[in-house]
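K.L.:
My structure is in upload-v9.txt, and what it holds is compact mmCIF, N, CA and C atoms:
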```txt
# COMPACT_ATOMS: atom_id res chain seq x y z
N MET A 202 0.24 -12.21 9.63
CA MET A 202 -1.06 -11.72 9.21
C MET A 202 -1.08 -10.18 9.19
N ALA A 203 -0.31 -9.56 10.07
CA ALA A 203 -0.29 -8.09 10.12
C ALA A 203 0.20 -7.50 8.81
N ALA A 204 1.21 -8.13 8.21
CA ALA A 204 1.72 -7.64 6.92
C ALA A 204 0.68 -7.79 5.83
N THR A 205 -0.06 -8.89 5.86
CA THR A 205 -1.12 -9.10 4.87
C THR A 205 -2.19 -8.03 4.99
N VAL A 206 -2.60 -7.75 6.21
CA VAL A 206 -3.62 -6.71 6.45
C VAL A 206 -3.10 -5.35 5.99
N ALA A 207 -1.89 -4.99 6.41
CA ALA A 207 -1.34 -3.68 6.09
C ALA A 207 -1.18 -3.49 4.58
N LEU A 208 -0.61 -4.49 3.91
CA LEU A 208 -0.41 -4.36 2.46
C LEU A 208 -1.73 -4.38 1.70
N THR A 209 -2.66 -5.20 2.15
CA THR A 209 -3.97 -5.25 1.49
C THR A 209 -4.67 -3.91 1.60
N LEU A 210 -4.68 -3.33 2.79
CA LEU A 210 -5.36 -2.04 2.97
C LEU A 210 -4.65 -0.93 2.19
N LEU A 211 -3.33 -0.92 2.22
CA LEU A 211 -2.57 0.10 1.49
C LEU A 211 -2.82 0.00 -0.02
N LEU A 212 -2.65 -1.20 -0.56
CA LEU A 212 -2.80 -1.38 -2.01
C LEU A 212 -4.25 -1.25 -2.45
N SER A 213 -5.18 -1.64 -1.61
CA SER A 213 -6.60 -1.46 -1.94
C SER A 213 -6.97 0.01 -1.98
N ALA A 214 -6.45 0.78 -1.05
CA ALA A 214 -6.71 2.22 -1.06
C ALA A 214 -6.14 2.85 -2.33
N PHE A 215 -4.91 2.49 -2.67
CA PHE A 215 -4.28 3.04 -3.86
C PHE A 215 -5.04 2.64 -5.13
N HIS A 216 -5.24 1.34 -5.32
CA HIS A 216 -5.88 0.87 -6.56
C HIS A 216 -7.35 1.25 -6.61
N GLY A 217 -7.99 1.31 -5.47
CA GLY A 217 -9.38 1.78 -5.46
C GLY A 217 -9.47 3.23 -5.91
N PHE A 218 -8.55 4.05 -5.42
CA PHE A 218 -8.55 5.46 -5.80
C PHE A 218 -8.25 5.64 -7.28
N VAL A 219 -7.16 5.05 -7.75
CA VAL A 219 -6.79 5.26 -9.15
C VAL A 219 -7.75 4.55 -10.10
N GLY A 220 -8.31 3.42 -9.67
CA GLY A 220 -9.31 2.73 -10.49
C GLY A 220 -10.56 3.59 -10.66
N TRP A 221 -11.02 4.18 -9.56
CA TRP A 221 -12.17 5.08 -9.61
C TRP A 221 -11.87 6.27 -10.53
N HIS A 222 -10.69 6.80 -10.38
CA HIS A 222 -10.25 7.94 -11.19
C HIS A 222 -10.30 7.56 -12.69
N LYS A 223 -9.74 6.40 -13.04
CA LYS A 223 -9.73 5.98 -14.44
C LYS A 223 -11.13 5.68 -14.96
N ALA A 224 -12.00 5.17 -14.10
CA ALA A 224 -13.35 4.82 -14.51
C ALA A 224 -14.26 6.02 -14.68
N PHE A 225 -14.05 7.09 -13.90
CA PHE A 225 -15.02 8.17 -13.87
C PHE A 225 -14.51 9.58 -14.18
N SER A 226 -13.23 9.83 -14.07
CA SER A 226 -12.72 11.19 -14.26
C SER A 226 -12.73 11.59 -15.73
N PRO A 227 -12.91 12.89 -16.00
CA PRO A 227 -12.82 13.36 -17.38
C PRO A 227 -11.40 13.19 -17.93
N TYR A 228 -11.31 13.10 -19.24
CA TYR A 228 -10.02 12.91 -19.91
C TYR A 228 -9.00 13.95 -19.47
N GLU A 229 -9.42 15.20 -19.38
CA GLU A 229 -8.50 16.28 -19.03
C GLU A 229 -7.87 16.05 -17.66
N GLU A 230 -8.69 15.57 -16.72
CA GLU A 230 -8.19 15.28 -15.37
C GLU A 230 -7.18 14.13 -15.40
N LEU A 231 -7.49 13.11 -16.16
CA LEU A 231 -6.57 11.98 -16.28
C LEU A 231 -5.23 12.42 -16.90
N ALA A 232 -5.30 13.26 -17.92
CA ALA A 232 -4.08 13.76 -18.56
C ALA A 232 -3.27 14.62 -17.60
N ARG A 233 -3.95 15.44 -16.80
CA ARG A 233 -3.26 16.31 -15.84
C ARG A 233 -2.45 15.49 -14.83
N HIS A 234 -2.95 14.30 -14.49
CA HIS A 234 -2.27 13.46 -13.50
C HIS A 234 -1.46 12.33 -14.13
N SER A 235 -1.22 12.44 -15.43
CA SER A 235 -0.39 11.47 -16.16
C SER A 235 -0.89 10.03 -16.06
N ALA A 236 -2.21 9.85 -16.10
CA ALA A 236 -2.76 8.49 -16.10
C ALA A 236 -2.37 7.82 -17.41
N TRP A 237 -1.82 6.64 -17.34
CA TRP A 237 -1.36 5.95 -18.53
C TRP A 237 -2.50 5.62 -19.48
N THR A 238 -3.71 5.55 -18.97
CA THR A 238 -4.85 5.18 -19.80
C THR A 238 -5.26 6.26 -20.79
N VAL A 239 -4.70 7.47 -20.69
CA VAL A 239 -5.01 8.50 -21.68
C VAL A 239 -4.46 8.11 -23.06
N HIS A 240 -3.58 7.15 -23.10
CA HIS A 240 -3.00 6.69 -24.36
C HIS A 240 -3.83 5.57 -24.99
N LEU A 241 -4.97 5.26 -24.37
CA LEU A 241 -5.89 4.24 -24.88
C LEU A 241 -7.17 4.92 -25.36
N PRO A 242 -7.96 4.21 -26.17
CA PRO A 242 -9.30 4.75 -26.45
C PRO A 242 -10.05 4.92 -25.13
N MET A 243 -10.94 5.91 -25.05
CA MET A 243 -11.62 6.21 -23.80
C MET A 243 -12.32 4.98 -23.21
N TRP A 244 -13.02 4.21 -24.05
CA TRP A 244 -13.74 3.04 -23.54
C TRP A 244 -12.78 2.02 -22.92
N ALA A 245 -11.58 1.86 -23.50
CA ALA A 245 -10.60 0.91 -22.96
C ALA A 245 -10.03 1.42 -21.64
N GLY A 246 -9.78 2.73 -21.56
CA GLY A 246 -9.30 3.30 -20.31
C GLY A 246 -10.31 3.15 -19.18
N ARG A 247 -11.59 3.33 -19.52
CA ARG A 247 -12.66 3.13 -18.53
C ARG A 247 -12.70 1.66 -18.08
N ALA A 248 -12.55 0.75 -19.04
CA ALA A 248 -12.55 -0.68 -18.71
C ALA A 248 -11.40 -1.03 -17.78
N VAL A 249 -10.25 -0.42 -17.98
CA VAL A 249 -9.11 -0.63 -17.08
C VAL A 249 -9.49 -0.17 -15.67
N GLY A 250 -10.15 0.98 -15.56
CA GLY A 250 -10.58 1.48 -14.25
C GLY A 250 -11.55 0.52 -13.57
N TRP A 251 -12.52 0.03 -14.31
CA TRP A 251 -13.49 -0.92 -13.74
C TRP A 251 -12.81 -2.22 -13.34
N THR A 252 -11.86 -2.67 -14.14
CA THR A 252 -11.11 -3.88 -13.79
C THR A 252 -10.33 -3.68 -12.50
N GLU A 253 -9.74 -2.51 -12.37
CA GLU A 253 -8.98 -2.19 -11.15
C GLU A 253 -9.91 -2.15 -9.93
N LEU A 254 -11.10 -1.60 -10.09
CA LEU A 254 -12.07 -1.58 -8.99
C LEU A 254 -12.51 -2.99 -8.61
N ALA A 255 -12.75 -3.84 -9.61
CA ALA A 255 -13.16 -5.22 -9.33
C ALA A 255 -12.04 -5.99 -8.63
N ALA A 256 -10.81 -5.80 -9.07
CA ALA A 256 -9.68 -6.48 -8.43
C ALA A 256 -9.48 -5.98 -7.00
N THR A 257 -9.76 -4.70 -6.77
CA THR A 257 -9.68 -4.16 -5.41
C THR A 257 -10.70 -4.83 -4.51
N ALA A 258 -11.93 -4.98 -5.00
CA ALA A 258 -12.98 -5.66 -4.22
C ALA A 258 -12.59 -7.11 -3.95
N ALA A 259 -12.01 -7.77 -4.94
CA ALA A 259 -11.58 -9.16 -4.76
C ALA A 259 -10.47 -9.26 -3.72
N LEU A 260 -9.55 -8.32 -3.74
CA LEU A 260 -8.45 -8.32 -2.77
C LEU A 260 -8.97 -8.13 -1.35
N LEU A 261 -9.92 -7.23 -1.18
CA LEU A 261 -10.52 -7.03 0.15
C LEU A 261 -11.30 -8.26 0.59
N ALA A 262 -12.01 -8.90 -0.34
CA ALA A 262 -12.75 -10.12 0.00
C ALA A 262 -11.78 -11.22 0.45
N ALA A 263 -10.63 -11.31 -0.22
CA ALA A 263 -9.63 -12.32 0.15
C ALA A 263 -9.08 -12.07 1.54
N LEU A 264 -8.99 -10.82 1.93
CA LEU A 264 -8.51 -10.50 3.27
C LEU A 264 -9.55 -10.92 4.32
N LEU A 265 -10.81 -10.65 4.03
CA LEU A 265 -11.88 -10.91 5.00
C LEU A 265 -12.25 -12.39 5.10
N LYS A 266 -12.07 -13.14 4.03
CA LYS A 266 -12.44 -14.55 4.02
C LYS A 266 -11.25 -15.38 3.57
N PRO A 267 -10.58 -16.05 4.50
CA PRO A 267 -9.36 -16.81 4.17
C PRO A 267 -9.56 -17.84 3.06
N ALA A 268 -10.77 -18.35 2.89
CA ALA A 268 -11.02 -19.33 1.82
C ALA A 268 -10.81 -18.70 0.44
N LEU A 269 -10.79 -17.39 0.36
CA LEU A 269 -10.60 -16.69 -0.91
C LEU A 269 -9.15 -16.22 -1.13
N ALA A 270 -8.23 -16.81 -0.41
CA ALA A 270 -6.82 -16.39 -0.53
C ALA A 270 -6.30 -16.52 -1.96
N ARG A 271 -6.73 -17.55 -2.69
CA ARG A 271 -6.31 -17.69 -4.09
C ARG A 271 -6.83 -16.54 -4.94
N VAL A 272 -8.02 -16.05 -4.61
CA VAL A 272 -8.57 -14.89 -5.30
C VAL A 272 -7.66 -13.68 -5.08
N GLY A 273 -7.13 -13.56 -3.87
CA GLY A 273 -6.19 -12.49 -3.57
C GLY A 273 -4.94 -12.57 -4.42
N VAL A 274 -4.46 -13.78 -4.67
CA VAL A 274 -3.29 -13.97 -5.53
C VAL A 274 -3.62 -13.49 -6.94
N TRP A 275 -4.79 -13.86 -7.45
CA TRP A 275 -5.18 -13.45 -8.80
C TRP A 275 -5.39 -11.94 -8.89
N ALA A 276 -5.96 -11.34 -7.86
CA ALA A 276 -6.12 -9.88 -7.86
C ALA A 276 -4.75 -9.21 -7.92
N CYS A 277 -3.80 -9.73 -7.16
CA CYS A 277 -2.43 -9.19 -7.19
C CYS A 277 -1.83 -9.36 -8.58
N ALA A 278 -2.07 -10.50 -9.22
CA ALA A 278 -1.54 -10.73 -10.56
C ALA A 278 -2.10 -9.70 -11.55
N ILE A 279 -3.37 -9.37 -11.42
CA ILE A 279 -3.98 -8.34 -12.27
C ILE A 279 -3.31 -7.00 -12.03
N PHE A 280 -3.12 -6.64 -10.76
CA PHE A 280 -2.46 -5.37 -10.44
C PHE A 280 -1.03 -5.32 -10.99
N ILE A 281 -0.31 -6.41 -10.84
CA ILE A 281 1.07 -6.46 -11.33
C ILE A 281 1.10 -6.29 -12.84
N ALA A 282 0.21 -6.97 -13.54
CA ALA A 282 0.15 -6.84 -15.01
C ALA A 282 -0.17 -5.39 -15.40
N MET A 283 -1.13 -4.78 -14.72
CA MET A 283 -1.49 -3.38 -15.02
C MET A 283 -0.32 -2.44 -14.74
N GLU A 284 0.37 -2.66 -13.64
CA GLU A 284 1.50 -1.79 -13.30
C GLU A 284 2.65 -1.97 -14.29
N CYS A 285 2.85 -3.18 -14.78
CA CYS A 285 3.90 -3.39 -15.79
C CYS A 285 3.54 -2.67 -17.09
N VAL A 286 2.29 -2.75 -17.49
CA VAL A 286 1.85 -2.03 -18.70
C VAL A 286 1.98 -0.53 -18.46
N ALA A 287 1.55 -0.06 -17.29
CA ALA A 287 1.65 1.38 -16.98
C ALA A 287 3.11 1.84 -17.02
N THR A 288 4.01 1.04 -16.48
CA THR A 288 5.43 1.39 -16.50
C THR A 288 5.94 1.51 -17.93
N ALA A 289 5.58 0.54 -18.76
CA ALA A 289 6.01 0.58 -20.16
C ALA A 289 5.44 1.80 -20.88
N VAL A 290 4.17 2.09 -20.66
CA VAL A 290 3.54 3.24 -21.32
C VAL A 290 4.20 4.54 -20.87
N HIS A 291 4.40 4.69 -19.56
CA HIS A 291 5.05 5.91 -19.06
C HIS A 291 6.47 6.05 -19.63
N TYR A 292 7.18 4.95 -19.70
CA TYR A 292 8.55 4.99 -20.21
C TYR A 292 8.58 5.38 -21.68
N PHE A 293 7.79 4.69 -22.49
CA PHE A 293 7.86 4.92 -23.94
C PHE A 293 7.22 6.23 -24.39
N THR A 294 6.22 6.71 -23.65
CA THR A 294 5.58 7.97 -24.04
C THR A 294 6.22 9.17 -23.36
N ARG A 295 7.04 8.91 -22.35
CA ARG A 295 7.71 9.98 -21.59
C ARG A 295 6.71 11.05 -21.15
N ASP A 296 5.59 10.57 -20.62
CA ASP A 296 4.49 11.47 -20.25
C ASP A 296 4.59 12.02 -18.84
N GLY A 297 5.67 11.74 -18.16
CA GLY A 297 5.85 12.27 -16.82
C GLY A 297 5.33 11.37 -15.72
N GLY A 298 4.82 10.20 -16.09
CA GLY A 298 4.34 9.25 -15.08
C GLY A 298 5.49 8.77 -14.22
N SER A 299 5.19 8.43 -13.00
CA SER A 299 6.23 8.08 -12.04
C SER A 299 6.64 6.62 -12.16
N LEU A 300 7.80 6.37 -12.72
CA LEU A 300 8.32 5.01 -12.84
C LEU A 300 8.68 4.45 -11.47
N LEU A 301 9.17 5.31 -10.59
CA LEU A 301 9.51 4.87 -9.24
C LEU A 301 8.25 4.38 -8.51
N GLN A 302 7.17 5.13 -8.63
CA GLN A 302 5.91 4.73 -8.00
C GLN A 302 5.46 3.37 -8.53
N ASN A 303 5.58 3.15 -9.84
CA ASN A 303 5.20 1.87 -10.42
C ASN A 303 6.08 0.75 -9.86
N GLY A 304 7.38 1.00 -9.75
CA GLY A 304 8.28 0.00 -9.21
C GLY A 304 7.97 -0.37 -7.77
N VAL A 305 7.67 0.63 -6.96
CA VAL A 305 7.31 0.37 -5.56
C VAL A 305 6.00 -0.41 -5.49
N SER A 306 5.03 -0.01 -6.29
CA SER A 306 3.74 -0.69 -6.29
C SER A 306 3.88 -2.15 -6.72
N ILE A 307 4.67 -2.39 -7.76
CA ILE A 307 4.89 -3.77 -8.21
C ILE A 307 5.56 -4.59 -7.11
N SER A 308 6.56 -4.03 -6.47
CA SER A 308 7.28 -4.76 -5.40
C SER A 308 6.36 -5.11 -4.25
N LEU A 309 5.57 -4.14 -3.80
CA LEU A 309 4.64 -4.40 -2.70
C LEU A 309 3.57 -5.42 -3.09
N THR A 310 3.12 -5.35 -4.33
CA THR A 310 2.08 -6.27 -4.78
C THR A 310 2.62 -7.69 -4.93
N VAL A 311 3.85 -7.82 -5.37
CA VAL A 311 4.48 -9.16 -5.42
C VAL A 311 4.56 -9.74 -4.01
N ALA A 312 4.94 -8.93 -3.04
CA ALA A 312 5.01 -9.40 -1.65
C ALA A 312 3.64 -9.83 -1.16
N LEU A 313 2.62 -9.05 -1.48
CA LEU A 313 1.26 -9.39 -1.05
C LEU A 313 0.77 -10.66 -1.74
N ALA A 314 1.08 -10.84 -3.00
CA ALA A 314 0.69 -12.06 -3.71
C ALA A 314 1.32 -13.28 -3.03
N TRP A 315 2.58 -13.15 -2.63
CA TRP A 315 3.26 -14.24 -1.93
C TRP A 315 2.57 -14.54 -0.60
N LEU A 316 2.20 -13.49 0.13
CA LEU A 316 1.51 -13.68 1.41
C LEU A 316 0.17 -14.39 1.22
N HIS A 317 -0.58 -13.98 0.21
CA HIS A 317 -1.87 -14.64 -0.06
C HIS A 317 -1.66 -16.08 -0.52
N ALA A 318 -0.64 -16.33 -1.31
CA ALA A 318 -0.34 -17.69 -1.75
C ALA A 318 0.01 -18.57 -0.56
N ARG A 319 0.76 -18.00 0.37
CA ARG A 319 1.12 -18.74 1.59
C ARG A 319 -0.12 -19.05 2.41
N ARG A 320 -1.01 -18.06 2.54
CA ARG A 320 -2.27 -18.30 3.25
C ARG A 320 -3.07 -19.41 2.60
N ALA A 321 -3.12 -19.41 1.27
CA ALA A 321 -3.88 -20.42 0.54
C ALA A 321 -3.27 -21.80 0.73
N SER A 322 -1.94 -21.90 0.71
CA SER A 322 -1.31 -23.21 0.86
C SER A 322 -1.44 -23.73 2.29
N VAL A 323 -1.37 -22.86 3.27
CA VAL A 323 -1.56 -23.28 4.66
C VAL A 323 -2.99 -23.77 4.85
N ARG A 324 -3.93 -23.04 4.27
CA ARG A 324 -5.35 -23.44 4.37
C ARG A 324 -5.57 -24.79 3.70
N ALA A 325 -4.96 -25.00 2.53
CA ALA A 325 -5.11 -26.27 1.82
C ALA A 325 -4.50 -27.42 2.61
N ALA A 326 -3.40 -27.15 3.29
CA ALA A 326 -2.73 -28.21 4.06
C ALA A 326 -3.52 -28.60 5.31
N THR A 327 -4.34 -27.68 5.82
CA THR A 327 -5.08 -27.98 7.04
C THR A 327 -6.48 -28.50 6.79
N THR A 328 -6.91 -28.54 5.52
CA THR A 328 -8.26 -29.04 5.25
C THR A 328 -8.24 -30.41 4.67
```
Show me this structure written as structure tokens.

P.N.:
Amino acid sequence: MAATVALTLLLSAFHGFVGWHKAFSPYEELARHSAWTVHLPMWAGRAVGWTELAATAALLAALLKPALARVGVWACAIFIAMECVATAVHYFTRDGGSLLQNGVSISLTVALAWLHARRASVRAATT
């Protein structure tokens, strides 16, 4: 459980921060920090930010309420999909985005998805 708590808090802090940034920061600020969403129409980039914020809230809810462990798996799946798209955008646009950071984030999120899936299956087996 300690790993689930640690990874959830770490990834929630990261995705909450960058999601907020994508949802509310001016375009110039996003470009300065190599946000991959600058390559999208502004409305789509904002939607990505709001989606990231919603998935962050879902991930925290899954941590606090074990019955929502499957929701945690889905939140992780959303993060993994976003990080894969971000990696591809950074690679193909050569905008200076950190591919290593994306790789680490994907790896940690896959581990957290597995932990939440395990929690969900244990819960299902005991009910």

K.L.:
Which residues come within 6 Å of range 315-319 of chain A, counting only N, CA and C atoms, excluding same-chain residues fewer than 6 positions away, as a VMD selection string?

P.N.:
chain A and resid 270 to 271 273 to 274

K.L.:
Between CA of Ser299 in chain A and CA of Leu254 in chain A, what is the distance, to one decimal in Å?

P.N.:
20.9 Å

K.L.:
Just want the 8 Å neighbourhood of Ser235 in chain A, counted on only N, CA and C atoms, with same-chain residues fewer than 5 positions away dropped. Output as a PDB file with N, CA and C atoms, keeping the file's coordinate frame.

P.N.:
```
ATOM      1  N   GLU A 229      -9.420  15.200 -19.380  1.00  0.00           N
ATOM      2  CA  GLU A 229      -8.500  16.280 -19.030  1.00  0.00           C
ATOM      3  C   GLU A 229      -7.870  16.050 -17.660  1.00  0.00           C
ATOM      4  N   GLU A 230      -8.690  15.570 -16.720  1.00  0.00           N
ATOM      5  CA  GLU A 230      -8.190  15.280 -15.370  1.00  0.00           C
ATOM      6  C   GLU A 230      -7.180  14.130 -15.400  1.00  0.00           C
ATOM      7  N   HIS A 291       4.400   4.690 -19.560  1.00  0.00           N
ATOM      8  CA  HIS A 291       5.050   5.910 -19.060  1.00  0.00           C
ATOM      9  C   HIS A 291       6.470   6.050 -19.630  1.00  0.00           C
ATOM     10  N   ASP A 296       5.590  10.570 -20.620  1.00  0.00           N
ATOM     11  CA  ASP A 296       4.490  11.470 -20.250  1.00  0.00           C
ATOM     12  C   ASP A 296       4.590  12.020 -18.840  1.00  0.00           C
ATOM     13  N   GLY A 297       5.670  11.740 -18.160  1.00  0.00           N
ATOM     14  CA  GLY A 297       5.850  12.270 -16.820  1.00  0.00           C
ATOM     15  C   GLY A 297       5.330  11.370 -15.720  1.00  0.00           C
ATOM     16  N   GLY A 298       4.820  10.200 -16.090  1.00  0.00           N
ATOM     17  CA  GLY A 298       4.340   9.250 -15.080  1.00  0.00           C
ATOM     18  C   GLY A 298       5.490   8.770 -14.220  1.00  0.00           C
ATOM     19  N   SER A 299       5.190   8.430 -13.000  1.00  0.00           N
ATOM     20  CA  SER A 299       6.230   8.080 -12.040  1.00  0.00           C
ATOM     21  C   SER A 299       6.640   6.620 -12.160  1.00  0.00           C
TER      22      SER A 299
END
```

K.L.:
Please return the centre and edge lengths, in Å to one decimal, of a box with edges along x, y and z that contains all listed atoms of range 226-235 of chain A, widened by 8 Å on every side, as JSON.

P.N.:
```
{"center_x": -6.8, "center_y": 13.1, "center_z": -16.7, "size_x": 28.8, "size_y": 22.5, "size_z": 22.4}
```

K.L.:
Between atom C of Leu264 in chain A and CA of Leu301 in chain A, what is the spacing in Å?

P.N.:
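These two atoms are separated by 28.2 Å.
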
K.L.:
Please measure the separation of CA of Ala258 in chain A and CA of His240 in chain A, giving the value in Å to one decimal.

P.N.:
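Interatomic distance, CA of Ala258 in chain A to CA of His240 in chain A: 25.6 Å.
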
K.L.:
Would you please extract all alpha helix (DSSP H) residues from range 210-269 of chain A, as assigned by DSSP on the backbone, and give them as a ChimeraX atom specification?

P.N.:
/A:210-225,228-233,243-265

K.L.:
Point out the residue among A:Ala232, A:Leu241, A:Thr310, A:His222 with the least atom-to-atom distance to Cys277 in chain A, counting only N, CA and C atoms.

P.N.:
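Among A:Ala232, A:Leu241, A:Thr310, A:His222, it is A:Thr310 that comes nearest to Cys277 in chain A.
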
K.L.:
Taking into account only C-alpha atoms, which residue in the set A:Ala263, A:Val206, A:Ile307, A:Ala255 is nearest to Glu284 in chain A?

P.N.:
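Closest candidate: A:Ile307.
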
K.L.:
Using only C-alpha atoms, which of A:Trp244, A:Trp251, A:Phe293, A:Phe280 sits nearest Ser213 in chain A?

P.N.:
A:Phe280

K.L.:
Would you please work out which residue, of A:Ala224, A:Ala203, A:Val323, A:Val290, is nearest to Val249 in chain A when using all atoms listed in the file?

P.N.:
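Closest to Val249 in chain A, using all atoms listed in the file: A:Ala224.
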
K.L.:
Between A:Trp275, A:Phe218, A:Trp237, A:Tyr228, which is the closest to Ala287 in chain A once you count only N, CA and C atoms?

P.N.:
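Looking only at the distances to Ala287 in chain A, the closest residue turns out to be A:Trp237.
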